[in-house]
Each structure stands twice: as structure tokens, then as C-alpha cells.
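Enquirer: After the C-alpha cells below, expect a handful of questions from me.
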Amino acid sequence: MTTWFGFHVCAFLLLAGIVGAAYGSYDRLAQLADAIRRHSRPLYTGLALLAVCVALSAFILYFGNRQFGGFDQSVMVEAGWRLHQGQLPYRDFICTMPPGFFLGVKWADALFGVSWDAMLYACAIFSCVTFLWTFALLRKLLDDELAAFWIAFCIQDAAMLTMCFWHHSNVTSITAAVFFLSCWLYLQQPDRAGSSASYVASLALLGLMKPNVALPLIGMAGALMLVATPARAWWKLALLTLAGLGGFWGILAANGVSLGGMIASYRAVAVERGFAAYGTAGMPMPDAVRVIICLIGFSAPFVVWGPRFWEAWRTSDIRALAKNLLWMAAPITAAYAMVTNRDIKDVEWPLLLCSGAVLMFTAARLSPKWLTKFYVCFLITLSALDLYLGVVRYRIALIADFYAWEGRLTPPGIPFFEHMEAGDNFGLMVRQMSQVLKDDKQSVFFGPRMEFGYAAFRRPSPRHLPIWWHPGSSFVLTDEPRILTVWSASCFDTLIFARNDFTYYSPSFINVIWAHYERLPDQAEWSELTIFHRKSGGCKLASGGSPNNAEENDDSDLPRAPDRSRLLPAAALGSPVQHSALLP
């Protein structure tokens, strides 16, 4: 796979081939499924679940160590490393990310040590636990063990296996799916302790996730569940909801995360950016076509939903109407996430899988056979396609920073990336960083897509600065003058950038760098790097936010924005997932 276009060609060929094969052999697949159901035993089910957990873990650990995406994955590494050092968000550093993102990495570092593998272990554990959780919920909702098994796997395949690294989008979508299923199970079995516990636990976890998914889903589901619940049982639902929200607050408090700081950071960035279709702007045409095809497949179950809804409307059954509208909470939330998240759209499939599968398989007698046949074949095809995207590391290719389009992958050669294999340029850059950082006493600042360097080389992260530099996303744009003052006052000894790469750095920031630092001449020892050393003398800003000696410098030699063509193939320029924003 050497070209951007090749990804899409193979994906479409795979899609067409599997749809045809699955559709043609559907009757035999149905007979096989019936045979599995007849001979199913608890022991066999347990062994099958164990086998899938082992397979999920092996896939994540192997492919998660293939290729490295500097922008997105460096942010993940640095977020956990700051907490590992004892820094707290909103107090010691500027943070606009959901707590579920950085707390997951913090716990991984605490349990397994600071390394790239630690985060993959966290992904594997999260994937296995949520796979078993969704299987248990679906088995009770569908009363069909085999269908529950298959849908639970498809959820992990779409959100986790396509990425194979800890990220805010995939952990959010999986948690949202668990919460949605827990809401349905509670409505069906309100007196069961297991359904109540699942609702409380999933609500607490979802509160930690991305607000553009958590807030609309919790709001819609909570309101509709209240209407669908008999009045005499409202008190129980209210107490369980308060328990879930209390659990969410307890997790924040136990980890020193300020609830007020979290809300303030969400509001600040959301107000500045407003609503915009970030997730679809600039989407490559092949991706857009693939998404449209998948959305057509996901719409099939709602052919069954229509008659149910109109029957409830005709009879004026308020509770039935609320339950029918609850089906729509999942696709509405998923659609909003697809529009506002700059990520591959496959990570938003879990909510669509949950609502569609439960609706289809609990009303199979109401749907024509051809529709059921189409939907099952679609799911088979989708699972194979998502596995393909994970194997070729399509999500990392979209980040593009260090993706090896051709040639053999090689280890970077440092303990932090013990099992990583990436492109030669990444390994060369990491080794050159090791040479530059031989002096343990110098303070250092890493530029874009280099933030992993703090954890990889055990260097202290700067305080009172954003995790990465992206005005309007990692911090409020109007705060930049104040942040530049803090940055300048930090007096770093050395600045390390990927070669000529100053992505998202404003002219003001460039002027500050040039005023207080001198660029070292290019040398073979750091051919992949651009390095600055602090000038002797001042490193603070004068009032007004401009460097105190900026006027004395000829800006003809100022660092410029990088030539993106050297970082990724021309066909990938403008990819909507490059440097993905972490808030809606």
C-alpha cells in the first residue's frame, strides 16, 4: 500500500467483494448460526468470549506498535505524563480535553510504567471490559447470544481496532454505546440490580468523555427515560441518575480534577469556535462516498422503526412514544459527533450499531427477509472493512506526520518505544533527539508533534502552558498574548522542533522565539531537527505582549511555516483528520 489512493481502491474492492460473497451465502450462514445456537453451552460461550478478548488484545498490542502519528499521539503521551509528574489540569497546565482522555493515560502510566506499551495495555483492557459489558447487555436485550456476540465485536472493531491507540473519540463512542444499552436494559428490567448498576456505572464514565457526545446523549436519554418510566418509579430513576453523576464527580475529585475548571474550559473553547461542521469540512471524496454507503446500511433498521412509532402516535401512548424516540437518541448523537469530530467516521459507528441491531433483531418478524439479509451482510462487510483499516493503519496515515508510505518499518531505538516499529525518518529523528538531550541539566521545549519527547526522555513538562499549541483548540485564541508571556518567562535553554515545522505557531509566537533564541546552524547530527538555544540575557516579554527586542531583528530569517509537502504525499494534503481538534 504505497499511495493514498490505494487505500480507497482496496477498501472499495473489499467492500464490494464481501457484500457479494455474504449475500450469496446468506442462507448457509443462517444455517450455521442456527447450528451454533442449538449446540451452544455456557462453557463454549465462555471460551469464545475469552478467545475474542485475547484476539482484541493481540491486535491492539501488535498494530498499535506499527507507525506513529505525531500530532494526535504526542498529545496523548504528554497529557498522561503531566499528570504522572503530579501536575493537575486547569491549575498547572491549560487543558481543553475531556478527563476520560488524560485520566486513562495517567492510570496506564501508574499501572504499567511510563511507556508507549502502557497506553496500549490500557486500550486492550478497556476494549476487553467494554466488549464483555456490551455482550452482557445485548444478550439480555436481544435474547440471542450469537447476535449479541457479533454486535459486541463489531463495536470494538469499528471504534478501537481501526485506531489501536487511546484517543478521546474511540473511548467516548464505546462508552456512549454502553450507556445507551444500559438505558434500554433499565427500561426493560427496572427491578434488576444488574441493570441499575450498569446504568449508574456507564453514566459516571460517560460524564468523563467528550461533551459533544456525552451531553446530548445524557440529556436526551434522561428526559425520554423519565417519560417512559411510570410515575411511581421516578424516584428510583432520579436516585440512580444522581448516583451516576455523583460517581462522575467522585472520579474527578479522587484524581484532583476540578469540575469547575473542566466546565469553564469546555465553555471557553465552545463559545469561541461556535458550531461548525469541522468533521465534514474538506473530507476527501473517497472517504465521503464510503461514509454515505455505510450510512445507507445503518438506516436499514429504521424501516422497522417507522411502523412502531406511528402506532404509538396513533394510540397516543406517551410512554411508547418516548421509548420509540429513545431509539433516535443514538443516531442523532452519532450524526452530531460525525459533523463536529475531526476523525474517521468509523469511530462513531457504535451508537448506530447498538440502536440498529437491537431494533432490527428484536423486531425481525416485522421486517421483510430481504431487509434482514441486507443488514446482516452489511455488518459482515463493515467488520471486515474496519479490520482492514486497522491493519493498514489508515488512521495514522491521515495524521501523516511520520507515516511510512514505503519501505520497511524500523524500531526508533529508545526504551519508551520498546516494541514500536515506524518509518526510518521517525527513528532517525528520535535518535537525534537523544544526542541533543545528552545534557540532563538543560531545560527543553518541544515543538509540534514532538511533545512525546518529555515522557520519552523523562524531561519535566512546562507548567502553565497548553499541552500542545493550537490556538482556538488547545487554548482560547484571545489568551495567546498572556500564554506567550508565560512561555517567554519559562526561559527554556533549548527548543527542539521537527525540521522547519512550526505548525499553528502565530507570527507573534515566531517573533518571541526569534527575539530570545538563536537558531543553530543545520548539521548532519540533527538533520531531522531544527534547534534553538537561548540567547544570553533576557528571556521575558515587555508589556504589551511583544518581544522587547523584536524590532532589532531582521525578520527575513524568521522561521517559517513548514513545507507540508515534505511531511506527507501530495495526495494527502488537506486531509480533514490531520491535527484533529479535541473539542467539538
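By convention here, the chains of the C-alpha cells are called A, B, ... in the order presented, each chain's residues are numbered starting at 1, and ligands are numbered starting at 1 in the order presented.
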Could you find all residues in region 16-263 of chain A that DSSP calls strand (DSSP E or B) from the backbone, and write them as a list in words?
Expert: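 The residues of region 16-263 of chain A classed as strand (DSSP E or B) are Arg66, Pro89, Phe93 and Ile94 of chain A.
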Enquirer: Could you save the residues just selected, with C-alpha atoms, as a PDB file, in the first residue's frame?
Expert:
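In the end it all went to selection-v8.pdb:
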ATOM      1  CA  ARG A  66       3.021  -0.061  13.965  1.00  0.00           C
ATOM      2  CA  PRO A  89      -5.268  20.229  34.752  1.00  0.00           C
ATOM      3  CA  PHE A  93      -1.466  23.418  32.730  1.00  0.00           C
ATOM      4  CA  ILE A  94      -4.097  24.605  30.281  1.00  0.00           C
TER       5      ILE A  94
END
Enquirer: Name all residues at most 8 Å from region 175-192 of chain A (count only C-alpha atoms; drop same-chain ones fewer than 3 positions away) and give them as a PDB file with N, CA, C and O atoms, in the first residue's frame.
Expert:
ATOM      1  N   THR A 130     -15.194  -3.514  27.957  1.00  0.00           N
ATOM      2  CA  THR A 130     -16.397  -2.999  27.308  1.00  0.00           C
ATOM      3  C   THR A 130     -16.991  -4.014  26.330  1.00  0.00           C
ATOM      4  O   THR A 130     -18.208  -4.029  26.119  1.00  0.00           O
ATOM      5  N   TRP A 133     -18.950  -6.203  28.576  1.00  0.00           N
ATOM      6  CA  TRP A 133     -20.076  -5.423  29.102  1.00  0.00           C
ATOM      7  C   TRP A 133     -21.183  -5.312  28.052  1.00  0.00           C
ATOM      8  O   TRP A 133     -22.367  -5.548  28.346  1.00  0.00           O
ATOM      9  N   THR A 134     -20.819  -4.945  26.828  1.00  0.00           N
ATOM     10  CA  THR A 134     -21.830  -4.822  25.780  1.00  0.00           C
ATOM     11  C   THR A 134     -22.433  -6.176  25.428  1.00  0.00           C
ATOM     12  O   THR A 134     -23.633  -6.272  25.143  1.00  0.00           O
ATOM     13  N   LEU A 137     -25.078  -6.899  28.062  1.00  0.00           N
ATOM     14  CA  LEU A 137     -26.271  -6.075  27.862  1.00  0.00           C
ATOM     15  C   LEU A 137     -27.070  -6.547  26.649  1.00  0.00           C
ATOM     16  O   LEU A 137     -28.300  -6.672  26.711  1.00  0.00           O
ATOM     17  N   LEU A 138     -26.380  -6.805  25.547  1.00  0.00           N
ATOM     18  CA  LEU A 138     -27.067  -7.218  24.321  1.00  0.00           C
ATOM     19  C   LEU A 138     -27.708  -8.595  24.461  1.00  0.00           C
ATOM     20  O   LEU A 138     -28.776  -8.847  23.900  1.00  0.00           O
ATOM     21  N   LYS A 140     -29.118  -9.818  27.024  1.00  0.00           N
ATOM     22  CA  LYS A 140     -30.397  -9.667  27.712  1.00  0.00           C
ATOM     23  C   LYS A 140     -31.414  -8.926  26.860  1.00  0.00           C
ATOM     24  O   LYS A 140     -32.615  -9.219  26.913  1.00  0.00           O
ATOM     25  N   LEU A 141     -30.950  -7.977  26.071  1.00  0.00           N
ATOM     26  CA  LEU A 141     -31.874  -7.208  25.245  1.00  0.00           C
ATOM     27  C   LEU A 141     -32.371  -7.995  24.043  1.00  0.00           C
ATOM     28  O   LEU A 141     -33.545  -7.907  23.664  1.00  0.00           O
ATOM     29  N   VAL A 171     -12.773   6.031  22.760  1.00  0.00           N
ATOM     30  CA  VAL A 171     -13.236   5.650  24.095  1.00  0.00           C
ATOM     31  C   VAL A 171     -14.587   6.292  24.392  1.00  0.00           C
ATOM     32  O   VAL A 171     -15.428   5.710  25.095  1.00  0.00           O
ATOM     33  N   THR A 172     -14.828   7.485  23.842  1.00  0.00           N
ATOM     34  CA  THR A 172     -16.122   8.136  24.039  1.00  0.00           C
ATOM     35  C   THR A 172     -17.236   7.373  23.355  1.00  0.00           C
ATOM     36  O   THR A 172     -18.297   7.134  23.943  1.00  0.00           O
ATOM     37  N   SER A 195     -29.146  -4.239  36.010  1.00  0.00           N
ATOM     38  CA  SER A 195     -29.479  -3.161  35.078  1.00  0.00           C
ATOM     39  C   SER A 195     -29.280  -1.802  35.737  1.00  0.00           C
ATOM     40  O   SER A 195     -28.793  -0.855  35.096  1.00  0.00           O
ATOM     41  N   SER A 196     -29.612  -1.679  37.017  1.00  0.00           N
ATOM     42  CA  SER A 196     -29.406  -0.416  37.735  1.00  0.00           C
ATOM     43  C   SER A 196     -27.922  -0.100  37.865  1.00  0.00           C
ATOM     44  O   SER A 196     -27.492   1.039  37.649  1.00  0.00           O
ATOM     45  N   SER A 198     -25.475  -1.123  35.949  1.00  0.00           N
ATOM     46  CA  SER A 198     -24.911  -0.789  34.638  1.00  0.00           C
ATOM     47  C   SER A 198     -25.254   0.640  34.256  1.00  0.00           C
ATOM     48  O   SER A 198     -24.405   1.366  33.716  1.00  0.00           O
ATOM     49  N   TYR A 199     -26.477   1.068  34.541  1.00  0.00           N
ATOM     50  CA  TYR A 199     -26.882   2.439  34.228  1.00  0.00           C
ATOM     51  C   TYR A 199     -26.043   3.441  35.010  1.00  0.00           C
ATOM     52  O   TYR A 199     -25.526   4.419  34.447  1.00  0.00           O
ATOM     53  N   SER A 202     -22.203   3.312  33.792  1.00  0.00           N
ATOM     54  CA  SER A 202     -21.997   3.865  32.446  1.00  0.00           C
ATOM     55  C   SER A 202     -22.243   5.364  32.421  1.00  0.00           C
ATOM     56  O   SER A 202     -21.567   6.102  31.686  1.00  0.00           O
ATOM     57  N   LEU A 203     -23.199   5.856  33.232  1.00  0.00           N
ATOM     58  CA  LEU A 203     -23.435   7.288  33.306  1.00  0.00           C
ATOM     59  C   LEU A 203     -22.221   8.008  33.900  1.00  0.00           C
ATOM     60  O   LEU A 203     -21.801   9.065  33.410  1.00  0.00           O
ATOM     61  N   LEU A 205     -19.097   7.053  33.820  1.00  0.00           N
ATOM     62  CA  LEU A 205     -17.991   7.035  32.865  1.00  0.00           C
ATOM     63  C   LEU A 205     -18.239   7.972  31.684  1.00  0.00           C
ATOM     64  O   LEU A 205     -17.327   8.652  31.213  1.00  0.00           O
ATOM     65  N   LEU A 206     -19.483   8.013  31.208  1.00  0.00           N
ATOM     66  CA  LEU A 206     -19.779   8.860  30.052  1.00  0.00           C
ATOM     67  C   LEU A 206     -19.586  10.340  30.385  1.00  0.00           C
ATOM     68  O   LEU A 206     -19.199  11.130  29.511  1.00  0.00           O
ATOM     69  N   VAL A 213     -20.639  14.430  22.659  1.00  0.00           N
ATOM     70  CA  VAL A 213     -21.352  13.152  22.672  1.00  0.00           C
ATOM     71  C   VAL A 213     -22.060  12.957  24.008  1.00  0.00           C
ATOM     72  O   VAL A 213     -23.245  12.606  24.055  1.00  0.00           O
ATOM     73  N   ALA A 214     -21.345  13.194  25.093  1.00  0.00           N
ATOM     74  CA  ALA A 214     -21.895  12.922  26.424  1.00  0.00           C
ATOM     75  C   ALA A 214     -23.115  13.787  26.721  1.00  0.00           C
ATOM     76  O   ALA A 214     -24.156  13.274  27.173  1.00  0.00           O
ATOM     77  N   LEU A 217     -26.405  12.987  24.497  1.00  0.00           N
ATOM     78  CA  LEU A 217     -26.933  11.650  24.751  1.00  0.00           C
ATOM     79  C   LEU A 217     -27.516  11.545  26.157  1.00  0.00           C
ATOM     80  O   LEU A 217     -28.613  11.005  26.340  1.00  0.00           O
ATOM     81  N   ALA A 221     -31.479  10.947  26.527  1.00  0.00           N
ATOM     82  CA  ALA A 221     -31.835   9.683  27.148  1.00  0.00           C
ATOM     83  C   ALA A 221     -32.481   9.892  28.510  1.00  0.00           C
ATOM     84  O   ALA A 221     -33.474   9.238  28.855  1.00  0.00           O
ATOM     85  N   MET A 225     -36.236   8.668  29.198  1.00  0.00           N
ATOM     86  CA  MET A 225     -36.418   7.621  30.203  1.00  0.00           C
ATOM     87  C   MET A 225     -37.392   8.070  31.294  1.00  0.00           C
ATOM     88  O   MET A 225     -38.190   7.280  31.795  1.00  0.00           O
ATOM     89  N   ALA A 228     -40.808   7.657  29.876  1.00  0.00           N
ATOM     90  CA  ALA A 228     -41.150   6.249  29.671  1.00  0.00           C
ATOM     91  C   ALA A 228     -41.313   5.473  30.975  1.00  0.00           C
ATOM     92  O   ALA A 228     -41.847   4.365  30.977  1.00  0.00           O
ATOM     93  N   THR A 229     -40.856   6.039  32.084  1.00  0.00           N
ATOM     94  CA  THR A 229     -40.921   5.358  33.377  1.00  0.00           C
ATOM     95  C   THR A 229     -42.227   5.717  34.083  1.00  0.00           C
ATOM     96  O   THR A 229     -42.616   6.885  34.121  1.00  0.00           O
ATOM     97  N   ALA A 330     -29.659   7.730  19.770  1.00  0.00           N
ATOM     98  CA  ALA A 330     -28.348   7.221  19.344  1.00  0.00           C
ATOM     99  C   ALA A 330     -27.934   7.758  17.979  1.00  0.00           C
ATOM    100  O   ALA A 330     -26.833   8.323  17.838  1.00  0.00           O
ATOM    101  N   PRO A 350     -20.438   2.823  16.784  1.00  0.00           N
ATOM    102  CA  PRO A 350     -21.022   2.046  17.888  1.00  0.00           C
ATOM    103  C   PRO A 350     -22.454   2.410  18.259  1.00  0.00           C
ATOM    104  O   PRO A 350     -23.282   1.509  18.473  1.00  0.00           O
ATOM    105  N   LEU A 351     -22.777   3.687  18.352  1.00  0.00           N
ATOM    106  CA  LEU A 351     -24.157   4.059  18.688  1.00  0.00           C
ATOM    107  C   LEU A 351     -25.134   3.612  17.608  1.00  0.00           C
ATOM    108  O   LEU A 351     -26.245   3.159  17.908  1.00  0.00           O
ATOM    109  N   CYS A 354     -25.600  -0.150  17.950  1.00  0.00           N
ATOM    110  CA  CYS A 354     -26.454  -0.532  19.087  1.00  0.00           C
ATOM    111  C   CYS A 354     -27.924  -0.308  18.772  1.00  0.00           C
ATOM    112  O   CYS A 354     -28.745  -1.221  18.921  1.00  0.00           O
TER     113      CYS A 354
END
Enquirer: Rank nothing, just name the residue among A:Asp440, A:Asp424, A:Asp92, A:Asp479 nearest to Gly256 (chain A), using only C-alpha atoms.
Expert: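 Answer, going by the shortest atom-to-atom distance: A:Asp92.
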Enquirer: Looking at only C-alpha atoms, which of A:Met163, A:Cys53, A:Ala524, A:Leu120 is the one that sits closest to Gln435 (chain A)?
Expert: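 Between A:Met163, A:Cys53, A:Ala524, A:Leu120, the residue approaching Gln435 (chain A) most closely is A:Ala524.
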Enquirer: Compile the contact shell of Trp526 (chain A) as a tab-separated table (two decimals) with C-alpha atoms, in the first residue's frame: residues with an atom at most 8 Å away, counting only C-alpha atoms, same-chain residues fewer than 6 positions apart removed.
Expert:
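Saved file around06.tsv follows:
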chain	number	residue	atom	x	y	z
A	429	MET	CA	14.60	11.91	14.48
A	432	GLN	CA	18.96	12.63	17.02
A	433	MET	CA	16.82	13.91	19.89
A	436	VAL	CA	20.79	16.66	21.58
Enquirer: Go through A:Ile293, A:Thr494, A:Thr485, A:Glu525 and flag the residue nearest Val512 (chain A), using only C-alpha atoms for the distances.
Expert: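 Selected residue with least distance to Val512 (chain A): A:Thr485.
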Enquirer: Between A:Arg519, A:Arg458, A:Lys373, A:His167, which one has atoms that come closest to Val347 (chain A), using only C-alpha atoms?
Expert: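 The answer is A:His167, which sits nearest to Val347 (chain A).
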Enquirer: Taking only C-alpha atoms into account, which of A:Tyr394, A:Ala329, A:Asp522, A:Phe131 comes nearest Leu224 (chain A)?
Expert: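 Of A:Tyr394, A:Ala329, A:Asp522, A:Phe131, the one nearest Leu224 (chain A) is A:Ala329, counting only C-alpha atoms.
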Enquirer: Work out how far CA of Arg395 (chain A) is from CA of Ile344 (chain A), in Å to one decimal.
Expert: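 Distance reported for this atom pair: 7.1 Å.
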Enquirer: If you count only C-alpha atoms, which residues fall within 10 Å of Gly413 (chain A), apart from same-chain ones fewer than 6 positions away, as a ChimeraX atom specification?
Expert: /A:419-421,427-428,430-431,434
Enquirer: Can you pull out the residues contacting Pro415 (chain A)? Cut-off 10 Å, using only C-alpha atoms, and skip same-chain residues under 4 positions away; I want them as JSON, numbers by chain.
Expert: {"A": [114, 115, 116, 419, 420, 456, 457]}
Enquirer: Could you list, as JSON, numbers by chain, every residue within 9 Å of Ala455 (chain A), counting only C-alpha atoms and ignoring same-chain residues fewer than 3 positions away?
Expert: {"A": [77, 78, 80, 81, 82, 114, 115, 416, 451, 452, 458, 459, 460, 461]}
Enquirer: Using N, CA, C and O atoms, can you export the residues from the last selection as a PDB file, in the first residue's frame?
Expert:
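Dumped everything to result-v1.pdb:
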ATOM      1  N   VAL A  77       0.385  11.123  24.848  1.00  0.00           N
ATOM      2  CA  VAL A  77       1.536  10.798  25.696  1.00  0.00           C
ATOM      3  C   VAL A  77       1.791  11.912  26.702  1.00  0.00           C
ATOM      4  O   VAL A  77       1.956  11.667  27.904  1.00  0.00           O
ATOM      5  N   GLU A  78       1.803  13.146  26.226  1.00  0.00           N
ATOM      6  CA  GLU A  78       2.137  14.280  27.082  1.00  0.00           C
ATOM      7  C   GLU A  78       1.063  14.531  28.136  1.00  0.00           C
ATOM      8  O   GLU A  78       1.370  14.937  29.266  1.00  0.00           O
ATOM      9  N   GLY A  80      -0.823  12.326  29.743  1.00  0.00           N
ATOM     10  CA  GLY A  80      -0.607  11.405  30.851  1.00  0.00           C
ATOM     11  C   GLY A  80       0.669  11.690  31.619  1.00  0.00           C
ATOM     12  O   GLY A  80       0.713  11.556  32.849  1.00  0.00           O
ATOM     13  N   TRP A  81       1.709  12.095  30.903  1.00  0.00           N
ATOM     14  CA  TRP A  81       2.993  12.359  31.551  1.00  0.00           C
ATOM     15  C   TRP A  81       2.890  13.545  32.505  1.00  0.00           C
ATOM     16  O   TRP A  81       3.481  13.546  33.585  1.00  0.00           O
ATOM     17  N   ARG A  82       2.127  14.564  32.142  1.00  0.00           N
ATOM     18  CA  ARG A  82       1.966  15.707  33.043  1.00  0.00           C
ATOM     19  C   ARG A  82       1.302  15.286  34.346  1.00  0.00           C
ATOM     20  O   ARG A  82       1.720  15.704  35.432  1.00  0.00           O
ATOM     21  N   VAL A 114       5.818   4.326  32.592  1.00  0.00           N
ATOM     22  CA  VAL A 114       5.697   5.316  31.520  1.00  0.00           C
ATOM     23  C   VAL A 114       6.332   4.753  30.249  1.00  0.00           C
ATOM     24  O   VAL A 114       7.557   4.677  30.123  1.00  0.00           O
ATOM     25  N   SER A 115       5.487   4.358  29.325  1.00  0.00           N
ATOM     26  CA  SER A 115       5.956   3.821  28.043  1.00  0.00           C
ATOM     27  C   SER A 115       4.795   3.824  27.071  1.00  0.00           C
ATOM     28  O   SER A 115       3.627   3.960  27.461  1.00  0.00           O
ATOM     29  N   PHE A 416      11.362   3.901  25.673  1.00  0.00           N
ATOM     30  CA  PHE A 416       9.957   4.297  25.696  1.00  0.00           C
ATOM     31  C   PHE A 416       9.182   3.626  24.575  1.00  0.00           C
ATOM     32  O   PHE A 416       8.022   3.251  24.748  1.00  0.00           O
ATOM     33  N   GLU A 451       5.819  16.547  21.286  1.00  0.00           N
ATOM     34  CA  GLU A 451       5.537  16.597  22.717  1.00  0.00           C
ATOM     35  C   GLU A 451       5.763  15.268  23.424  1.00  0.00           C
ATOM     36  O   GLU A 451       5.920  15.238  24.648  1.00  0.00           O
ATOM     37  N   PHE A 452       5.788  14.175  22.687  1.00  0.00           N
ATOM     38  CA  PHE A 452       6.090  12.882  23.307  1.00  0.00           C
ATOM     39  C   PHE A 452       7.483  12.873  23.933  1.00  0.00           C
ATOM     40  O   PHE A 452       7.792  12.030  24.778  1.00  0.00           O
ATOM     41  N   ARG A 458      12.087  11.532  29.748  1.00  0.00           N
ATOM     42  CA  ARG A 458      11.912  11.826  31.169  1.00  0.00           C
ATOM     43  C   ARG A 458      12.303  13.272  31.498  1.00  0.00           C
ATOM     44  O   ARG A 458      12.998  13.543  32.461  1.00  0.00           O
ATOM     45  N   ARG A 459      11.813  14.176  30.695  1.00  0.00           N
ATOM     46  CA  ARG A 459      12.064  15.589  30.917  1.00  0.00           C
ATOM     47  C   ARG A 459      10.825  16.238  31.551  1.00  0.00           C
ATOM     48  O   ARG A 459       9.688  15.868  31.197  1.00  0.00           O
ATOM     49  N   PRO A 460      10.999  17.197  32.466  1.00  0.00           N
ATOM     50  CA  PRO A 460       9.841  17.845  33.093  1.00  0.00           C
ATOM     51  C   PRO A 460       9.045  18.650  32.069  1.00  0.00           C
ATOM     52  O   PRO A 460       9.611  19.386  31.255  1.00  0.00           O
ATOM     53  N   SER A 461       7.733  18.482  32.110  1.00  0.00           N
ATOM     54  CA  SER A 461       6.861  19.246  31.214  1.00  0.00           C
ATOM     55  C   SER A 461       6.707  20.668  31.723  1.00  0.00           C
ATOM     56  O   SER A 461       6.685  20.903  32.936  1.00  0.00           O
TER      57      SER A 461
END
